[in-house]
Each structure stands twice: as C-alpha cells, then as structure tokens.
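Remarks on the structure that follows.
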Amino acid sequence: MKNIILRNRYSLLLFVLGGYLLAIVVEGLITGREPVFFDLDNPFFELQINDQEAFERFTEGRFSGLNPEDIED
Amino acid sequence: MNSFDMGRFYALLKRELWEHKGQLVYTPIVVALLVLLSLVWAVAALGIESLSATREFVASTGEGVQLTAFMLGALPFAFVIPVYSAFYLLSSLYQERKDLSIYFWQSMPVSNSQTVISKIVIVSLVAPLIATAVIFLLFLIATLLFAAQGLFSDGLLNGVFQSLTAATSASILIFLTILKTALWFFPTIGWILLFSAFARSVPLLWAIGVYILVLFLEDFIFSTQFLANWTNSRTNVSQYLVWSVPDFFTGLIDYDLLIGVAFGTILVAGSIYMRRFAD
C-alpha cells in the first residue's frame with residue numbers, strides 16, 4: 001500500500017487530497033453542516049413564469065415604468 | 001527535542017529569513033512607510049488649528065477609542081500580510097526544487113518534517129512578529145509626531161502617555177489577531193504547502209485550479225457542497241479579531257478552529273512526504 005501511495009507525486013497527491021476530502025465529508029455529515037452554500041434563490045424577488053397572467057402584469061409594470069406592485073389585478 | 005535539535009531548527013528559521021528577507025521583512029516596512037507618508041500628508045492638509053483640536057479631542061477620549069483608532073490604522077497590513085504570506089508559502093518548497101538547492105539541504109542533517117515545520121513556524125509566528133514590530137514602530141512614530149506638534153504649537157503633551165499605552169495594547173492585540181488568523185487558515189497553509197511541494201511549474205495555478213476543480217466536481221457528480229461549506233465556515237472576519245488577551249485564549253477553544261488544525265495536518269503531512277520527489 002505504501003509503495004503504491006509513494007510511487008510518484010501524482011499518486012501521493014491523489015491519496016492526500018482524497019484523505020482530506022473524505023475527512024471533510026465525514027465531518028460535514030456528522031456535524032450536519034448546511035449542504036447548500038451557493039443558494040441562488042433571492043428572498044426579495046419571486047417570479048413565477050408558469051403563471052402567465054402574473055408574468056404579463058410584471059413585465060407590463062416593468063416596461064411602462066410603473067411599479068408592478070401598484071398595478072391592480 | 002534536545003539543544004542540538006533546537007539549534008538546527010533555529011538555523012532553519014534563519015535560513016528562511018535570509019532567503020525570503022524581501023517578502024518577510026521589507027514588505028511590511030514598505031507598507032509602514034506608505035502609511036506614514038499618508039499620515040504626514042493628512043496632517044499637513046489638516047492645518048495647525050485643526051490638528052490641535054484633533055489632538056485635544058483624542059486626548060479627551062478613552063483608551064478604548066485610541067486603541068480602536070490604532071487598530072484601524074493597521075488595516076492596510078490586514079490586506080498585505082495574507083498576500084505575502086501566501087506567496088512565501090507558494091515559493092518556499094517550489095523554489096528550492098527549481099534552483100536545485102533542495103539536494104544541498106537534503107544532504108544536511110535535517111529531516112523533511114523539520115524543514116516543512118520551520119516554514120509553518122515562519123509564516124504563523126515569525127512573520128507576524130516582524131509585522132507587529134514594524135506596526136508598533138509605526139504607532140510610536142505617529143504618536144511622537146503628534147506629541148512634537150503639540151509641544152511646538154502650544155507646549156502641551158496631553159494624551160501622549162495614554163496614546164503610548166493604547167499603541168502597545170493595539171500592537172499586542174494585532175499580533176494575537178494574526179496568530180489566530182494563521183490558526184484558522186491552517187488548512188489553507190497546508191494546501192498551499194502541498195502544491196508548493198508538488199508542482200513542477202506555476203504552483204499558484206495548481207493550488208487554485210485544483211481547488212476550483214474539486215469544488216466543481218463535487219457539485220457536479222454528487223450535488224453536494226461540503227468543501228464550499230468547509231471553506232465558508234472559516235471566512236468570517238469576526239472569527240479572527242481579538243479585542244482582549246482573554247478573548248484570544250477563549251477563542252482558541254473553538255470546534256471549527258481545532259478541527260481545521262487537525263485536518264490541515266493531513267495536508268502538511270502530505271507536503272512532508274511530497275518533498276521526497278525532488279525532481
């Protein structure tokens with residue numbers, strides 16, 4: 001095993017990085033770190049384009065210079 | 001460790017200081033000179049009356065306010081120290097392979113582990129000590145400038161001794177802050193050392209490139225972000241700041257900090273083994 005790990009610099013690098021990442025993953029699983037860091041959802045902006053009417057109201061307000069919230073249903 | 005081992009280790013530290021004097025000694029001095037220059041420029045722009053009023057205001061404030069002001073004055077160092085420390089680490093195990101001096105050092109009665117540990121001690125203890133000494137000198141010169149101005153304009157030296165006490169306290173806290181930051185960044189120190197010992201060329205690109213690649217592959221293959229969260233858990237500035245000496249010692253008993261040091265040891269051990277591939 002030692003001979004395989006220390007065969008060349010690449011095998012050693014792979015072994016060290018593998019061990020380091022494994023330790024991080026195991027620690028993350030045990031401590032339950034929040035698994036999502038890159039959260040692309042914006043809590044201040046919600047747009048459902050499935051709802052066609054709401055989308056049209058939104059774009060209407062956006063391009064006419066009006067605040068979309070001011071446009072009544 | 002007997003006295004002979006201590007002597008050898010001391011020689012290794014001296015070697016690092018000789019080889020990297022530009023990065024470790026001259027860089028903080030140049031930054032301090034630039035800060036001093038900007039301070040003199042600001043003082044000249046203020047004018048005598050405004051300066052006297054400022055000095056009286058500073059003298060009337062408590063030591064805590066002055067201490068905070070001194071620590072803010074050292075802010076440029078907070079950006080410079082990590083940069084030159086990272087470049088020192090990147091070149092420390094790479095340069096000796098590039099100029100083939102590694103063969104000479106490996107023929108000396110020092111082990112790979114002693115050599116790598118000496119580089120960690122330099123970056124986490126000696127470099128902060130040098131930087132703090134330079135910062136303290138900068139504080140002293142700034143205080144003396146204000147005192148001289150007060151002496152020549154209205155013959156008053158009010159607040160000078162208070163400023164000296166605040167400068168000393170601020171220097172101690174800055175040193176402890178750098179020390180604590182080095183402990184938080186121990187996995188990063190290990191990571192950079194590993195690639196400094198590994199790369200045949202451009203170790204900076206290897207260190208950053210592999211990190212980004214692992215981040216991407218983890219998210220792409222497993223849809224998890226453990227490495228990103230691990231990094232995120234040690235990027236909060238409030239984790240590094242030390243506002244009192246007891247605060248430093250209580251801050252050391254932190255799970256995230258200690259587990260970082262433990263995991264960083266894996267990378268440091270890797271860089272010690274990696275040093276055997278000298279080609």
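Following the order of the structure tokens, chains are lettered A, B, ..., residues in each are numbered from 1, and ligands are numbered from 1.
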
Can you write out as CSV which residues of chain A fall within 12 Å of chain B, alongside each residue's closest atom pair and its distance in Å to one decimal, counting only C-alpha atoms and ordering rows by chain and ascending residue number?
```
residue,atom,partner,partner_atom,distance
A:Lys2,CA,B:Tyr273,CA,11.4
A:Ile5,CA,B:Tyr273,CA,10.2
A:Leu6,CA,B:Tyr273,CA,8.1
A:Arg7,CA,B:Phe277,CA,9.9
A:Asn8,CA,B:Phe277,CA,7.5
A:Arg9,CA,B:Met274,CA,6.5
A:Tyr10,CA,B:Phe198,CA,8.2
A:Ser11,CA,B:Met274,CA,10.3
A:Leu12,CA,B:Met274,CA,7.1
A:Leu13,CA,B:Gly270,CA,7.4
A:Leu14,CA,B:Gly270,CA,10.1
A:Phe15,CA,B:Gly270,CA,8.7
A:Val16,CA,B:Gly270,CA,5.8
A:Leu17,CA,B:Leu267,CA,7.6
A:Gly18,CA,B:Ile266,CA,10.3
A:Gly19,CA,B:Ile266,CA,7.6
A:Tyr20,CA,B:Ile266,CA,6.4
A:Leu21,CA,B:Leu227,CA,7.4
A:Leu22,CA,B:Phe226,CA,9.9
A:Ala23,CA,B:Phe263,CA,7.2
A:Ile24,CA,B:Phe226,CA,6.9
A:Val25,CA,B:Phe226,CA,5.9
A:Val26,CA,B:Phe226,CA,9.3
A:Glu27,CA,B:Ile259,CA,8.9
A:Gly28,CA,B:Phe226,CA,6.4
A:Leu29,CA,B:Phe226,CA,8.7
A:Ile30,CA,B:Phe226,CA,11.7
A:Thr31,CA,B:Asp256,CA,10.6
A:Gly32,CA,B:Phe226,CA,10.0
A:Arg33,CA,B:Asn229,CA,7.2
A:Glu34,CA,B:Asn229,CA,7.2
A:Pro35,CA,B:Gln225,CA,5.6
A:Val36,CA,B:Gln225,CA,6.0
A:Phe37,CA,B:Asn229,CA,6.0
A:Phe38,CA,B:Gln225,CA,8.3
A:Asp39,CA,B:Gln225,CA,10.9
```

Save the residues we just selected, N, CA, C and O atoms, as a CSV table (one decimal), in the first residue's frame?
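The new file again_5.csv reads:
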```
chain,number,residue,atom,x,y,z
A,2,LYS,N,1.9,1.2,0.9
A,2,LYS,CA,2.8,2.4,1.0
A,2,LYS,C,3.5,2.6,-0.3
A,2,LYS,O,3.7,3.7,-0.8
A,5,ILE,N,1.2,4.3,-2.8
A,5,ILE,CA,0.9,5.7,-2.5
A,5,ILE,C,2.2,6.5,-2.8
A,5,ILE,O,2.1,7.6,-3.4
A,6,LEU,N,3.3,6.0,-2.5
A,6,LEU,CA,4.6,6.8,-2.7
A,6,LEU,C,5.3,6.5,-4.0
A,6,LEU,O,6.4,6.7,-4.2
A,7,ARG,N,4.5,5.9,-5.0
A,7,ARG,CA,5.1,5.5,-6.3
A,7,ARG,C,5.6,6.8,-7.0
A,7,ARG,O,6.7,6.9,-7.5
A,8,ASN,N,4.7,7.8,-7.1
A,8,ASN,CA,5.1,9.1,-7.7
A,8,ASN,C,4.3,10.2,-7.1
A,8,ASN,O,3.4,10.0,-6.2
A,9,ARG,N,4.6,11.4,-7.5
A,9,ARG,CA,4.0,12.6,-6.9
A,9,ARG,C,2.5,12.6,-7.1
A,9,ARG,O,1.7,13.1,-6.3
A,10,TYR,N,2.0,12.1,-8.2
A,10,TYR,CA,0.6,12.2,-8.6
A,10,TYR,C,-0.2,11.2,-7.7
A,10,TYR,O,-1.3,11.6,-7.2
A,11,SER,N,0.3,10.0,-7.5
A,11,SER,CA,-0.4,9.1,-6.6
A,11,SER,C,-0.5,9.6,-5.2
A,11,SER,O,-1.5,9.5,-4.5
A,12,LEU,N,0.6,10.2,-4.7
A,12,LEU,CA,0.7,10.8,-3.4
A,12,LEU,C,-0.3,12.0,-3.3
A,12,LEU,O,-1.1,12.1,-2.3
A,13,LEU,N,-0.4,12.8,-4.3
A,13,LEU,CA,-1.3,13.9,-4.3
A,13,LEU,C,-2.8,13.4,-4.2
A,13,LEU,O,-3.6,13.9,-3.4
A,14,LEU,N,-3.1,12.4,-5.0
A,14,LEU,CA,-4.4,11.9,-5.0
A,14,LEU,C,-4.8,11.3,-3.7
A,14,LEU,O,-5.9,11.5,-3.2
A,15,PHE,N,-3.8,10.6,-3.1
A,15,PHE,CA,-4.1,10.0,-1.8
A,15,PHE,C,-4.3,11.1,-0.7
A,15,PHE,O,-5.3,11.0,0.1
A,16,VAL,N,-3.5,12.1,-0.7
A,16,VAL,CA,-3.6,13.1,0.3
A,16,VAL,C,-4.9,13.9,0.2
A,16,VAL,O,-5.7,14.1,1.1
A,17,LEU,N,-5.2,14.3,-1.1
A,17,LEU,CA,-6.4,15.1,-1.3
A,17,LEU,C,-7.7,14.2,-1.0
A,17,LEU,O,-8.6,14.7,-0.5
A,18,GLY,N,-7.6,12.9,-1.4
A,18,GLY,CA,-8.7,12.0,-1.1
A,18,GLY,C,-8.9,11.9,0.4
A,18,GLY,O,-10.1,12.0,0.8
A,19,GLY,N,-7.9,11.8,1.1
A,19,GLY,CA,-8.0,11.7,2.6
A,19,GLY,C,-8.6,12.9,3.2
A,19,GLY,O,-9.4,12.9,4.1
A,20,TYR,N,-8.1,14.1,2.7
A,20,TYR,CA,-8.5,15.4,3.2
A,20,TYR,C,-10.0,15.6,2.9
A,20,TYR,O,-10.8,16.0,3.8
A,21,LEU,N,-10.4,15.3,1.7
A,21,LEU,CA,-11.8,15.5,1.3
A,21,LEU,C,-12.7,14.5,2.0
A,21,LEU,O,-13.8,14.9,2.4
A,22,LEU,N,-12.2,13.3,2.2
A,22,LEU,CA,-13.0,12.3,2.9
A,22,LEU,C,-13.3,12.8,4.4
A,22,LEU,O,-14.4,12.7,4.9
A,23,ALA,N,-12.2,13.3,5.0
A,23,ALA,CA,-12.3,13.8,6.4
A,23,ALA,C,-13.4,14.9,6.4
A,23,ALA,O,-14.2,15.0,7.3
A,24,ILE,N,-13.3,15.8,5.4
A,24,ILE,CA,-14.3,17.0,5.4
A,24,ILE,C,-15.7,16.5,5.2
A,24,ILE,O,-16.6,16.9,5.9
A,25,VAL,N,-15.9,15.5,4.3
A,25,VAL,CA,-17.2,15.0,4.1
A,25,VAL,C,-17.8,14.3,5.3
A,25,VAL,O,-18.9,14.5,5.7
A,26,VAL,N,-16.9,13.4,5.9
A,26,VAL,CA,-17.4,12.7,7.1
A,26,VAL,C,-17.7,13.7,8.2
A,26,VAL,O,-18.8,13.6,8.9
A,27,GLU,N,-16.9,14.7,8.4
A,27,GLU,CA,-17.1,15.7,9.5
A,27,GLU,C,-18.4,16.5,9.1
A,27,GLU,O,-19.2,16.7,10.0
A,28,GLY,N,-18.6,16.8,7.9
A,28,GLY,CA,-19.8,17.5,7.4
A,28,GLY,C,-21.0,16.7,7.7
A,28,GLY,O,-22.1,17.3,8.1
A,29,LEU,N,-21.0,15.4,7.4
A,29,LEU,CA,-22.1,14.5,7.6
A,29,LEU,C,-22.5,14.4,9.1
A,29,LEU,O,-23.6,14.4,9.5
A,30,ILE,N,-21.4,14.3,9.9
A,30,ILE,CA,-21.6,14.1,11.4
A,30,ILE,C,-22.2,15.4,12.0
A,30,ILE,O,-23.1,15.3,12.8
A,31,THR,N,-21.6,16.5,11.7
A,31,THR,CA,-22.0,17.8,12.3
A,31,THR,C,-23.2,18.3,11.6
A,31,THR,O,-23.8,19.3,12.1
A,32,GLY,N,-23.6,17.8,10.4
A,32,GLY,CA,-24.7,18.3,9.7
A,32,GLY,C,-24.6,19.7,9.2
A,32,GLY,O,-25.5,20.5,9.4
A,33,ARG,N,-23.4,20.0,8.6
A,33,ARG,CA,-23.3,21.4,8.1
A,33,ARG,C,-24.3,21.5,6.9
A,33,ARG,O,-24.6,20.6,6.2
A,34,GLU,N,-24.8,22.7,6.8
A,34,GLU,CA,-25.7,23.0,5.8
A,34,GLU,C,-25.1,22.7,4.4
A,34,GLU,O,-24.1,23.2,4.0
A,35,PRO,N,-25.7,21.7,3.7
A,35,PRO,CA,-25.1,21.2,2.5
A,35,PRO,C,-25.2,22.1,1.2
A,35,PRO,O,-24.7,21.8,0.2
A,36,VAL,N,-25.9,23.3,1.4
A,36,VAL,CA,-26.0,24.2,0.2
A,36,VAL,C,-25.5,25.5,0.6
A,36,VAL,O,-25.9,26.2,1.5
A,37,PHE,N,-24.4,25.9,-0.2
A,37,PHE,CA,-23.7,27.1,0.1
A,37,PHE,C,-24.1,28.2,-1.0
A,37,PHE,O,-24.4,29.3,-0.7
A,38,PHE,N,-24.1,27.7,-2.2
A,38,PHE,CA,-24.5,28.6,-3.3
A,38,PHE,C,-26.0,28.6,-3.5
A,38,PHE,O,-26.5,27.9,-4.3
A,39,ASP,N,-26.7,29.4,-2.7
A,39,ASP,CA,-28.1,29.5,-2.8
A,39,ASP,C,-28.5,30.6,-3.8
A,39,ASP,O,-28.3,31.8,-3.5
```

List the neighbours of segment 65-69 of chain B out to 12 Å using only C-alpha atoms; skip same-chain residues closer than 2 positions along the sequence, and give me the result as a PDB file with N, CA, C and O atoms, in the first residue's frame.
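Done, and the output landed in selection-v2.pdb:
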```pdb
ATOM      1  N   ARG B  55      -6.043  66.815  18.324  1.00  0.00           N
ATOM      2  CA  ARG B  55      -5.220  66.254  19.396  1.00  0.00           C
ATOM      3  C   ARG B  55      -5.928  66.362  20.744  1.00  0.00           C
ATOM      4  O   ARG B  55      -5.910  65.440  21.553  1.00  0.00           O
ATOM      5  N   PHE B  57      -9.150  66.509  21.143  1.00  0.00           N
ATOM      6  CA  PHE B  57     -10.271  65.564  21.121  1.00  0.00           C
ATOM      7  C   PHE B  57      -9.779  64.147  21.431  1.00  0.00           C
ATOM      8  O   PHE B  57     -10.382  63.426  22.225  1.00  0.00           O
ATOM      9  N   VAL B  58      -8.644  63.795  20.794  1.00  0.00           N
ATOM     10  CA  VAL B  58      -8.077  62.447  21.014  1.00  0.00           C
ATOM     11  C   VAL B  58      -7.694  62.272  22.478  1.00  0.00           C
ATOM     12  O   VAL B  58      -7.942  61.223  23.093  1.00  0.00           O
ATOM     13  N   ALA B  59      -7.108  63.337  23.072  1.00  0.00           N
ATOM     14  CA  ALA B  59      -6.693  63.262  24.478  1.00  0.00           C
ATOM     15  C   ALA B  59      -7.894  63.113  25.405  1.00  0.00           C
ATOM     16  O   ALA B  59      -7.799  62.487  26.469  1.00  0.00           O
ATOM     17  N   SER B  60      -9.043  63.694  24.989  1.00  0.00           N
ATOM     18  CA  SER B  60     -10.229  63.634  25.853  1.00  0.00           C
ATOM     19  C   SER B  60     -10.936  62.282  25.767  1.00  0.00           C
ATOM     20  O   SER B  60     -11.735  61.939  26.634  1.00  0.00           O
ATOM     21  N   THR B  61     -10.661  61.522  24.699  1.00  0.00           N
ATOM     22  CA  THR B  61     -11.339  60.225  24.554  1.00  0.00           C
ATOM     23  C   THR B  61     -10.665  59.170  25.435  1.00  0.00           C
ATOM     24  O   THR B  61      -9.536  59.348  25.884  1.00  0.00           O
ATOM     25  N   GLY B  62     -11.353  58.085  25.633  1.00  0.00           N
ATOM     26  CA  GLY B  62     -10.801  56.994  26.454  1.00  0.00           C
ATOM     27  C   GLY B  62      -9.766  56.201  25.686  1.00  0.00           C
ATOM     28  O   GLY B  62      -9.602  56.379  24.464  1.00  0.00           O
ATOM     29  N   GLU B  63      -9.085  55.291  26.408  1.00  0.00           N
ATOM     30  CA  GLU B  63      -8.036  54.497  25.772  1.00  0.00           C
ATOM     31  C   GLU B  63      -8.621  53.540  24.733  1.00  0.00           C
ATOM     32  O   GLU B  63      -7.981  53.224  23.735  1.00  0.00           O
ATOM     33  N   MET B  71      -5.809  50.305  15.780  1.00  0.00           N
ATOM     34  CA  MET B  71      -6.059  49.042  15.060  1.00  0.00           C
ATOM     35  C   MET B  71      -6.570  49.315  13.655  1.00  0.00           C
ATOM     36  O   MET B  71      -6.234  48.598  12.706  1.00  0.00           O
ATOM     37  N   LEU B  72      -7.376  50.369  13.508  1.00  0.00           N
ATOM     38  CA  LEU B  72      -7.845  50.736  12.164  1.00  0.00           C
ATOM     39  C   LEU B  72      -6.680  51.247  11.307  1.00  0.00           C
ATOM     40  O   LEU B  72      -6.654  51.021  10.102  1.00  0.00           O
ATOM     41  N   GLY B  73      -5.722  51.923  11.985  1.00  0.00           N
ATOM     42  CA  GLY B  73      -4.540  52.418  11.272  1.00  0.00           C
ATOM     43  C   GLY B  73      -3.706  51.296  10.685  1.00  0.00           C
ATOM     44  O   GLY B  73      -2.980  51.484   9.702  1.00  0.00           O
ATOM     45  N   ALA B  74      -3.814  50.121  11.299  1.00  0.00           N
ATOM     46  CA  ALA B  74      -3.042  48.962  10.804  1.00  0.00           C
ATOM     47  C   ALA B  74      -3.818  48.158   9.761  1.00  0.00           C
ATOM     48  O   ALA B  74      -3.367  47.081   9.355  1.00  0.00           O
ATOM     49  N   LEU B  75      -4.962  48.684   9.329  1.00  0.00           N
ATOM     50  CA  LEU B  75      -5.816  47.954   8.379  1.00  0.00           C
ATOM     51  C   LEU B  75      -5.107  47.586   7.059  1.00  0.00           C
ATOM     52  O   LEU B  75      -5.312  46.477   6.559  1.00  0.00           O
ATOM     53  N   PHE B 139       3.304  53.037  14.991  1.00  0.00           N
ATOM     54  CA  PHE B 139       2.464  53.681  16.014  1.00  0.00           C
ATOM     55  C   PHE B 139       3.289  54.667  16.840  1.00  0.00           C
ATOM     56  O   PHE B 139       2.831  55.760  17.155  1.00  0.00           O
ATOM     57  N   ALA B 142       4.050  57.776  14.817  1.00  0.00           N
ATOM     58  CA  ALA B 142       2.835  58.586  14.686  1.00  0.00           C
ATOM     59  C   ALA B 142       2.550  59.338  15.991  1.00  0.00           C
ATOM     60  O   ALA B 142       2.231  60.539  15.981  1.00  0.00           O
ATOM     61  N   THR B 143       2.697  58.644  17.136  1.00  0.00           N
ATOM     62  CA  THR B 143       2.459  59.273  18.442  1.00  0.00           C
ATOM     63  C   THR B 143       3.472  60.388  18.688  1.00  0.00           C
ATOM     64  O   THR B 143       3.107  61.477  19.165  1.00  0.00           O
ATOM     65  N   GLY B 159      -2.278  63.640  26.601  1.00  0.00           N
ATOM     66  CA  GLY B 159      -2.741  62.448  25.889  1.00  0.00           C
ATOM     67  C   GLY B 159      -1.649  61.584  25.296  1.00  0.00           C
ATOM     68  O   GLY B 159      -1.938  60.531  24.735  1.00  0.00           O
ATOM     69  N   VAL B 160      -0.381  62.016  25.419  1.00  0.00           N
ATOM     70  CA  VAL B 160       0.708  61.263  24.773  1.00  0.00           C
ATOM     71  C   VAL B 160       0.923  59.909  25.450  1.00  0.00           C
ATOM     72  O   VAL B 160       1.014  58.873  24.783  1.00  0.00           O
ATOM     73  N   PHE B 161       0.952  59.930  26.784  1.00  0.00           N
ATOM     74  CA  PHE B 161       1.207  58.671  27.500  1.00  0.00           C
ATOM     75  C   PHE B 161       0.042  57.698  27.331  1.00  0.00           C
ATOM     76  O   PHE B 161       0.244  56.490  27.214  1.00  0.00           O
ATOM     77  N   GLN B 162      -1.155  58.272  27.273  1.00  0.00           N
ATOM     78  CA  GLN B 162      -2.342  57.443  27.021  1.00  0.00           C
ATOM     79  C   GLN B 162      -2.236  56.801  25.624  1.00  0.00           C
ATOM     80  O   GLN B 162      -2.560  55.622  25.446  1.00  0.00           O
ATOM     81  N   SER B 163      -1.751  57.592  24.663  1.00  0.00           N
ATOM     82  CA  SER B 163      -1.594  57.080  23.293  1.00  0.00           C
ATOM     83  C   SER B 163      -0.541  55.974  23.241  1.00  0.00           C
ATOM     84  O   SER B 163      -0.715  54.982  22.532  1.00  0.00           O
ATOM     85  N   LEU B 164       0.542  56.156  24.029  1.00  0.00           N
ATOM     86  CA  LEU B 164       1.595  55.128  24.039  1.00  0.00           C
ATOM     87  C   LEU B 164       1.067  53.812  24.603  1.00  0.00           C
ATOM     88  O   LEU B 164       1.366  52.729  24.084  1.00  0.00           O
ATOM     89  N   THR B 165       0.265  53.916  25.667  1.00  0.00           N
ATOM     90  CA  THR B 165      -0.338  52.704  26.245  1.00  0.00           C
ATOM     91  C   THR B 165      -1.270  52.039  25.234  1.00  0.00           C
ATOM     92  O   THR B 165      -1.244  50.812  25.057  1.00  0.00           O
ATOM     93  N   ALA B 166      -2.070  52.881  24.554  1.00  0.00           N
ATOM     94  CA  ALA B 166      -3.008  52.336  23.562  1.00  0.00           C
ATOM     95  C   ALA B 166      -2.254  51.687  22.406  1.00  0.00           C
ATOM     96  O   ALA B 166      -2.665  50.627  21.907  1.00  0.00           O
ATOM     97  N   ALA B 167      -1.121  52.309  22.001  1.00  0.00           N
ATOM     98  CA  ALA B 167      -0.322  51.750  20.896  1.00  0.00           C
ATOM     99  C   ALA B 167       0.252  50.384  21.272  1.00  0.00           C
ATOM    100  O   ALA B 167       0.235  49.451  20.460  1.00  0.00           O
ATOM    101  N   THR B 168       0.713  50.265  22.522  1.00  0.00           N
ATOM    102  CA  THR B 168       1.266  48.980  22.979  1.00  0.00           C
ATOM    103  C   THR B 168       0.181  47.906  23.010  1.00  0.00           C
ATOM    104  O   THR B 168       0.377  46.787  22.513  1.00  0.00           O
ATOM    105  N   SER B 169      -0.968  48.271  23.590  1.00  0.00           N
ATOM    106  CA  SER B 169      -2.074  47.306  23.669  1.00  0.00           C
ATOM    107  C   SER B 169      -2.528  46.900  22.271  1.00  0.00           C
ATOM    108  O   SER B 169      -2.768  45.708  22.006  1.00  0.00           O
ATOM    109  N   ALA B 170      -2.630  47.890  21.374  1.00  0.00           N
ATOM    110  CA  ALA B 170      -3.083  47.591  19.999  1.00  0.00           C
ATOM    111  C   ALA B 170      -2.101  46.658  19.302  1.00  0.00           C
ATOM    112  O   ALA B 170      -2.522  45.724  18.609  1.00  0.00           O
ATOM    113  N   SER B 171      -0.801  46.859  19.524  1.00  0.00           N
ATOM    114  CA  SER B 171       0.207  46.008  18.878  1.00  0.00           C
ATOM    115  C   SER B 171       0.084  44.560  19.365  1.00  0.00           C
ATOM    116  O   SER B 171       0.165  43.621  18.565  1.00  0.00           O
ATOM    117  N   ILE B 172      -0.126  44.408  20.678  1.00  0.00           N
ATOM    118  CA  ILE B 172      -0.285  43.049  21.232  1.00  0.00           C
ATOM    119  C   ILE B 172      -1.527  42.383  20.628  1.00  0.00           C
ATOM    120  O   ILE B 172      -1.492  41.223  20.207  1.00  0.00           O
ATOM    121  N   LEU B 173      -2.623  43.149  20.557  1.00  0.00           N
ATOM    122  CA  LEU B 173      -3.868  42.580  20.023  1.00  0.00           C
ATOM    123  C   LEU B 173      -3.738  42.258  18.535  1.00  0.00           C
ATOM    124  O   LEU B 173      -4.285  41.256  18.065  1.00  0.00           O
ATOM    125  N   ILE B 174      -2.993  43.096  17.807  1.00  0.00           N
ATOM    126  CA  ILE B 174      -2.775  42.828  16.372  1.00  0.00           C
ATOM    127  C   ILE B 174      -1.972  41.537  16.202  1.00  0.00           C
ATOM    128  O   ILE B 174      -2.298  40.696  15.360  1.00  0.00           O
ATOM    129  N   LEU B 241     -10.707  38.326  14.730  1.00  0.00           N
ATOM    130  CA  LEU B 241     -10.412  39.526  15.511  1.00  0.00           C
ATOM    131  C   LEU B 241     -10.285  39.223  17.002  1.00  0.00           C
ATOM    132  O   LEU B 241     -11.103  38.498  17.566  1.00  0.00           O
ATOM    133  N   VAL B 242      -9.261  39.791  17.616  1.00  0.00           N
ATOM    134  CA  VAL B 242      -9.040  39.636  19.056  1.00  0.00           C
ATOM    135  C   VAL B 242      -9.111  41.019  19.689  1.00  0.00           C
ATOM    136  O   VAL B 242      -8.354  41.921  19.317  1.00  0.00           O
ATOM    137  N   TRP B 243     -10.012  41.203  20.634  1.00  0.00           N
ATOM    138  CA  TRP B 243     -10.192  42.517  21.271  1.00  0.00           C
ATOM    139  C   TRP B 243      -9.638  42.562  22.680  1.00  0.00           C
ATOM    140  O   TRP B 243      -9.605  43.618  23.308  1.00  0.00           O
ATOM    141  N   SER B 244      -9.239  41.395  23.214  1.00  0.00           N
ATOM    142  CA  SER B 244      -8.592  41.355  24.531  1.00  0.00           C
ATOM    143  C   SER B 244      -7.797  40.059  24.628  1.00  0.00           C
ATOM    144  O   SER B 244      -8.064  39.114  23.868  1.00  0.00           O
TER     145      SER B 244
END
```

What is the distance between atom CA of Ser118 of chain B and atom CA of Arg8 of chain B, in Å to one decimal?
10.3 Å

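Take the candidates B:Met6, B:Val237, B:Val202, B:Val245 and check each one against Gln114 of chain B using only C-alpha atoms; the shortest distance goes to B:Met6.
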
Shortest interatomic distance to Phe249 of chain B - which of B:His20, B:Lys180, B:Lys98, B:Arg234, counting only C-alpha atoms
B:Lys180

Contacts of Ala131 of chain B at 12 Å or less, counting only C-alpha atoms, minus same-chain residues fewer than 3 places along, as a PyMOL selection string?
chain B and resi 23-32+74+76-78+80-82+84-85+122-128+134-138+171-172+174-179

So that I can check the secondary structure, give me every residue of segment 2-36 of chain A assigned alpha helix (DSSP H) by backbone DSSP, as an MDAnalysis selection string.
chainID A and resid 2:5 9:31

For a test of reading the model, state the distance in Å between atom CA of Phe87 of chain B and atom CA of Ile192 of chain B, rounded to one decimal.
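So the two atoms, atom CA of Phe87 of chain B and atom CA of Ile192 of chain B, lie 9.1 Å apart.
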
Distance of atom CA of Gly64 of chain B from atom CA of Phe146 of chain B, expressed in Å to one decimal place
18.4 Å
